[in-house]
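Below: one structure, written as C-alpha cells.
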Amino acid sequence: MTFTIPLIKPHISERDITRVVEVLKTGYLTEGAVTRAFEQAVATYVGVDEAVAFTSWTTGAETVLRALGIGPGDEVIVPDYTHPATVEVVMLVGATPVLVDCDPSTANIDYTTLETACTEKTKAILPVSLFGNPLDYTLLNKLKERFGFLIIEDAACSLGATFHGKAVGSLADVSIFSLHPRKFITTGEGGMVTTNDKCLAAFLRSYKNFGMEGATARRSSQFVRVGTNYKMSDILAALGLSQMERIEELLSRRRQLAERYRTLLRGLPGVSLPIIASGAESSWQSFTIRLAKRDHVLTTLRSQGIEVQIGTFALHEQPAFKHLRRASSLAGSSRLFNECLSLPLYHSMTLDEQERVVTALKKALANEGDS
C-alpha cells in the first residue's frame, strides 16, 4: 500500500549524496578513513573516548557481549517490551536472558522489577531507551552500585537524547546506537558502539576485522583472535558523517514536531502521551502514544493513507521467546504491545500533514464504538 503520509522518511540532502559519490569516485569502498572520521564525529558529539562502527546495531551488540566475556552461565536482564534484536544478541552468545516488565507510562524498563530480578548470576543489564526516551540513570546507577552489574544500553533510538545534560551514549558502560533508516541519522544499515573503555574498543575493532590487529613499524598486521567481518563500508559512513554535520538541525525539527503533537493531542480522551523522565530530553525517534482500542485506530488511519504502526513487541508473546525466563509479571509490556501507536514523524513533514494525522486520529477515536 502507498501512504500519502509515511511513518518515516529519511532526510537525504544533496550534500549527503555528494559525499557518497565522492567516496565512490575514490575506488576505496570498504572501511577506511571516512568510517574513522564518522566514528570520531559520533564520539565527539556524545562525549566519549571511543566510537566503533558496525554493520548493524545487532552485530555491534553481539560483539560487545563477547568482548565483555558474557556467555554461558551469565544472566543478562532485558526489558520485555523491545525489538527482538535486544534479546537475540544475548542468546547468540549463550548467555541467559531474564525478561522484566516495562512501565506503560514511559515504555522503558520498570526499575522496581529490575531490582527484584537481580541475582548473583546477573552479569549485565541491557535496558532500552525506547523511542528515544532516556533512561533514568539516577536509579540505574544506584542499582549498579548495589549489584555490580554492567550497564549495556540499547540506545538504538536515542542518538541526540540527554539525561541531566549528559548525552545518551556517555552514561552507560557501553551504548549501542542503530543507524537504520527509521533513525534520523542513518547509513541505511549500520550501528555505532560508544564507550570510554579503550581496551574494549580495541577488541571491538579487532573482532569486527577478522581478529586482526594493526601493523606497527616493526611488523605487519597479525591475526590475534578469531573474529568476523562486521566492518562498515566507507560508502555508508559517508552518509552518516554528512548527516552528523547537521544533527542539531535534524534534532530541532523533530522536537518541534513532537511538541506540536503534544499540544494538539493533550487532554484528548482515550490518548496517553509519552512521559519523559525528569531532567531528560528525548530524541523523538518515534512519537508513540497509547490507545485502549489501538487496532481500530491503526486500521482506520492506514486505510486513509496515513502510515501508523505498533510501537514494538512484547517478547514473551512471540513464539521464539515464550520459553525465556520471566522475573516478574509482564503485564505492563503486554499493555504496551496492545496499546502503543507510532505516529508519522519525519523532517519534511508539513504542519498540514501533521494536522491531517491528528484530525484522522480524533475521528477514528470518536467512531471507535462502531468498530
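Naming works like this for the C-alpha cells: A, B, ... for the chains as they're shown, residue 1 at the start of each chain, ligands 1 onward in shown order.
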His164 (chain A) environment, 12 Å, only C-alpha atoms, sequence neighbours closer than 3 positions dropped, as a PyMOL selection string: chain A and resi 134-138+161+167-168+170-171+277-282
With 10 Å as the cut-off and only C-alpha atoms counted, what is the closest atom pair between each nearby residue of region 214-251 of chain A and region 344-359 of chain A? Distances in Å to one decimal, ordered by chain and number, as CSV.
```
residue,atom,partner,partner_atom,distance
A:Glu249,CA,A:His347,CA,9.5
A:Leu250,CA,A:His347,CA,6.8
A:Leu251,CA,A:His347,CA,9.0
```
Point-to-point distance from CA of Val64 (chain A) to CA of Leu204 (chain A), Å rounded to tenths: 7.0 Å
DSSP helix (DSSP H, G or I) residues within region 129-329 of chain A, as a VMD selection string: chain A and resid 130 to 132 137 to 147 198 to 207 234 to 244 247 to 265 294 to 303 315 to 317 319 to 321
Å distance separating CA of Gly227 (chain A) from CA of Thr44 (chain A), one decimal place: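 It comes out at 27.5 Å.
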Nearby residues (only C-alpha atoms) at most 9 Å from region 88-102 of chain A, same-chain spacing under 6 positions excluded, as number ranges by chain: A: 58-59, 61-63, 65-66, 70-81, 108-111, 113-114, 117, 315-316, 324-334, 336
Store the residues of this selection in a file with C-alpha atoms, as an mmCIF file, in the first residue's frame.
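Ended up saving to selection.cif:
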```
data_model
loop_
_atom_site.group_PDB
_atom_site.id
_atom_site.type_symbol
_atom_site.label_atom_id
_atom_site.label_comp_id
_atom_site.auth_asym_id
_atom_site.auth_seq_id
_atom_site.Cartn_x
_atom_site.Cartn_y
_atom_site.Cartn_z
ATOM 1 C CA THR A 58 22.859 -6.277 16.271
ATOM 2 C CA THR A 59 26.422 -7.084 15.220
ATOM 3 C CA ALA A 61 25.813 -5.509 20.478
ATOM 4 C CA GLU A 62 26.797 -9.137 19.908
ATOM 5 C CA THR A 63 30.468 -8.131 19.718
ATOM 6 C CA LEU A 65 28.848 -9.030 24.813
ATOM 7 C CA ARG A 66 31.671 -11.217 23.502
ATOM 8 C CA ILE A 70 29.447 -12.578 28.702
ATOM 9 C CA GLY A 71 28.347 -16.110 27.818
ATOM 10 C CA PRO A 72 27.085 -19.417 29.234
ATOM 11 C CA GLY A 73 26.297 -19.221 32.952
ATOM 12 C CA ASP A 74 25.743 -15.453 32.895
ATOM 13 C CA GLU A 75 22.366 -13.776 33.207
ATOM 14 C CA VAL A 76 21.521 -10.591 31.317
ATOM 15 C CA ILE A 77 18.383 -8.673 32.235
ATOM 16 C CA VAL A 78 16.387 -7.481 29.216
ATOM 17 C CA PRO A 79 13.163 -5.440 29.124
ATOM 18 C CA ASP A 80 10.326 -7.456 27.639
ATOM 19 C CA TYR A 81 8.974 -4.601 25.511
ATOM 20 C CA ASN A 108 11.151 1.883 29.366
ATOM 21 C CA ILE A 109 12.256 -0.785 31.841
ATOM 22 C CA ASP A 110 10.422 -0.910 35.170
ATOM 23 C CA TYR A 111 13.082 -0.152 37.773
ATOM 24 C CA THR A 113 11.064 -5.227 38.744
ATOM 25 C CA LEU A 114 14.640 -4.755 37.537
ATOM 26 C CA ALA A 117 15.335 -9.641 39.071
ATOM 27 C CA LEU A 315 8.928 -10.548 23.595
ATOM 28 C CA HIS A 316 7.181 -13.128 25.752
ATOM 29 C CA LEU A 324 12.571 -17.492 28.269
ATOM 30 C CA ARG A 325 12.743 -16.881 31.997
ATOM 31 C CA ARG A 326 10.438 -14.168 33.328
ATOM 32 C CA ALA A 327 11.460 -12.413 36.526
ATOM 33 C CA SER A 328 8.059 -10.824 37.056
ATOM 34 C CA SER A 329 4.620 -10.362 35.641
ATOM 35 C CA LEU A 330 4.902 -8.797 32.197
ATOM 36 C CA ALA A 331 1.518 -7.107 32.288
ATOM 37 C CA GLY A 332 2.967 -3.666 31.551
ATOM 38 C CA SER A 333 4.768 -4.970 28.482
ATOM 39 C CA SER A 334 1.614 -6.674 27.203
ATOM 40 C CA LEU A 336 2.270 -1.518 25.704
#
```
Spatial neighbours of Lys363 (chain A), 12 Å, only C-alpha atoms, chain gap at least 3 places, as an MDAnalysis selection string: chainID A and resid 268 296:297 300:301 304 356:360 366:370
Closest of A:Glu22, A:Glu50, A:Glu245, A:Glu317 to Ser175 (chain A) - atom-to-atom distances counting only C-alpha atoms: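 Among the listed residues, A:Glu50 lies closest to Ser175 (chain A).
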Best match for closeness to Phe131 (chain A) among A:Met244, A:Ile310, A:Ala237, A:Ile152, counting only C-alpha atoms: A:Ile310
Selection near Pro274 (chain A), 7 Å with only C-alpha atoms, sequence-local residues under 5 positions removed, as a list in words: Ser105, Thr106, Thr288 and Ile289 of chain A
Residues within 10 Å of region 188-194 of chain A, please, as an mmCIF file with C-alpha atoms, in the first residue's frame. Count only C-alpha atoms; anything in the same chain fewer than 4 positions from it doesn't count.
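Produced file result_26.cif, reproduced below:
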```
data_model
loop_
_atom_site.group_PDB
_atom_site.id
_atom_site.type_symbol
_atom_site.label_atom_id
_atom_site.label_comp_id
_atom_site.auth_asym_id
_atom_site.auth_seq_id
_atom_site.Cartn_x
_atom_site.Cartn_y
_atom_site.Cartn_z
ATOM 1 C CA PRO A 10 14.874 9.629 5.677
ATOM 2 C CA PHE A 38 32.396 9.166 11.205
ATOM 3 C CA GLU A 39 33.349 7.305 14.385
ATOM 4 C CA VAL A 42 29.944 10.466 16.963
ATOM 5 C CA ALA A 43 32.464 10.111 19.817
ATOM 6 C CA VAL A 46 28.367 12.078 22.552
ATOM 7 C CA GLY A 47 31.389 12.999 24.662
ATOM 8 C CA VAL A 48 33.242 9.678 24.931
ATOM 9 C CA ASP A 49 36.735 8.474 24.121
ATOM 10 C CA GLU A 50 35.743 5.784 21.638
ATOM 11 C CA ALA A 51 33.104 5.088 18.995
ATOM 12 C CA VAL A 52 33.268 1.960 16.827
ATOM 13 C CA ALA A 53 31.132 1.491 13.712
ATOM 14 C CA PHE A 54 29.476 -1.830 12.828
ATOM 15 C CA THR A 55 27.278 -3.246 10.100
ATOM 16 C CA SER A 56 24.237 -3.021 12.404
ATOM 17 C CA TRP A 57 23.112 -2.500 15.978
ATOM 18 C CA THR A 58 22.859 -6.277 16.271
ATOM 19 C CA THR A 59 26.422 -7.084 15.220
ATOM 20 C CA GLY A 60 27.727 -4.282 17.426
ATOM 21 C CA ALA A 61 25.813 -5.509 20.478
ATOM 22 C CA THR A 63 30.468 -8.131 19.718
ATOM 23 C CA VAL A 64 30.180 -6.040 22.883
ATOM 24 C CA GLU A 153 22.452 0.400 26.894
ATOM 25 C CA ASP A 154 20.382 -0.428 23.860
ATOM 26 C CA ALA A 155 20.412 3.164 22.658
ATOM 27 C CA ALA A 156 19.259 2.182 19.158
ATOM 28 C CA LEU A 159 21.303 9.442 19.450
ATOM 29 C CA VAL A 168 22.909 9.234 25.846
ATOM 30 C CA GLY A 169 25.900 7.198 24.754
ATOM 31 C CA SER A 170 28.080 8.536 27.569
ATOM 32 C CA LEU A 171 26.009 7.380 30.544
ATOM 33 C CA ALA A 172 26.351 3.576 30.386
ATOM 34 C CA ASP A 173 29.443 1.371 30.444
ATOM 35 C CA VAL A 174 28.732 0.753 26.770
ATOM 36 C CA SER A 175 25.991 2.059 24.488
ATOM 37 C CA ILE A 176 24.949 0.874 21.046
ATOM 38 C CA PHE A 177 23.140 3.064 18.506
ATOM 39 C CA SER A 178 21.269 1.953 15.398
ATOM 40 C CA LEU A 179 21.702 3.688 12.038
ATOM 41 C CA HIS A 180 18.721 2.003 10.367
ATOM 42 C CA PRO A 181 16.556 4.229 8.090
ATOM 43 C CA ARG A 182 13.940 4.639 10.854
ATOM 44 C CA LYS A 183 16.605 6.585 12.757
ATOM 45 C CA ALA A 201 37.211 -0.575 21.831
ATOM 46 C CA LEU A 204 35.780 -4.455 19.028
ATOM 47 C CA TYR A 230 31.349 -6.662 10.801
ATOM 48 C CA LYS A 231 33.084 -3.632 9.239
ATOM 49 C CA MET A 232 31.164 -0.629 7.966
ATOM 50 C CA SER A 233 31.764 0.478 4.376
ATOM 51 C CA LEU A 236 27.699 4.092 4.283
ATOM 52 C CA ALA A 237 29.917 6.075 6.638
ATOM 53 C CA LEU A 239 26.224 9.334 4.531
ATOM 54 C CA GLY A 240 26.381 9.151 8.328
#
```
Among listed residues A:Thr186, A:Arg290, A:Lys166, A:Glu120, nearest Arg146 (chain A) (using only C-alpha atoms):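 That would be A:Glu120, the residue with the smallest distance to Arg146 (chain A).
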DSSP-assigned strand (DSSP E) among region 311-366 of chain A, expressed as a ChimeraX atom specification: /A:313-314,325-326,340-343
Distance in Å - CA of Thr263 (chain A) versus CA of Ser283 (chain A): 17.5 Å
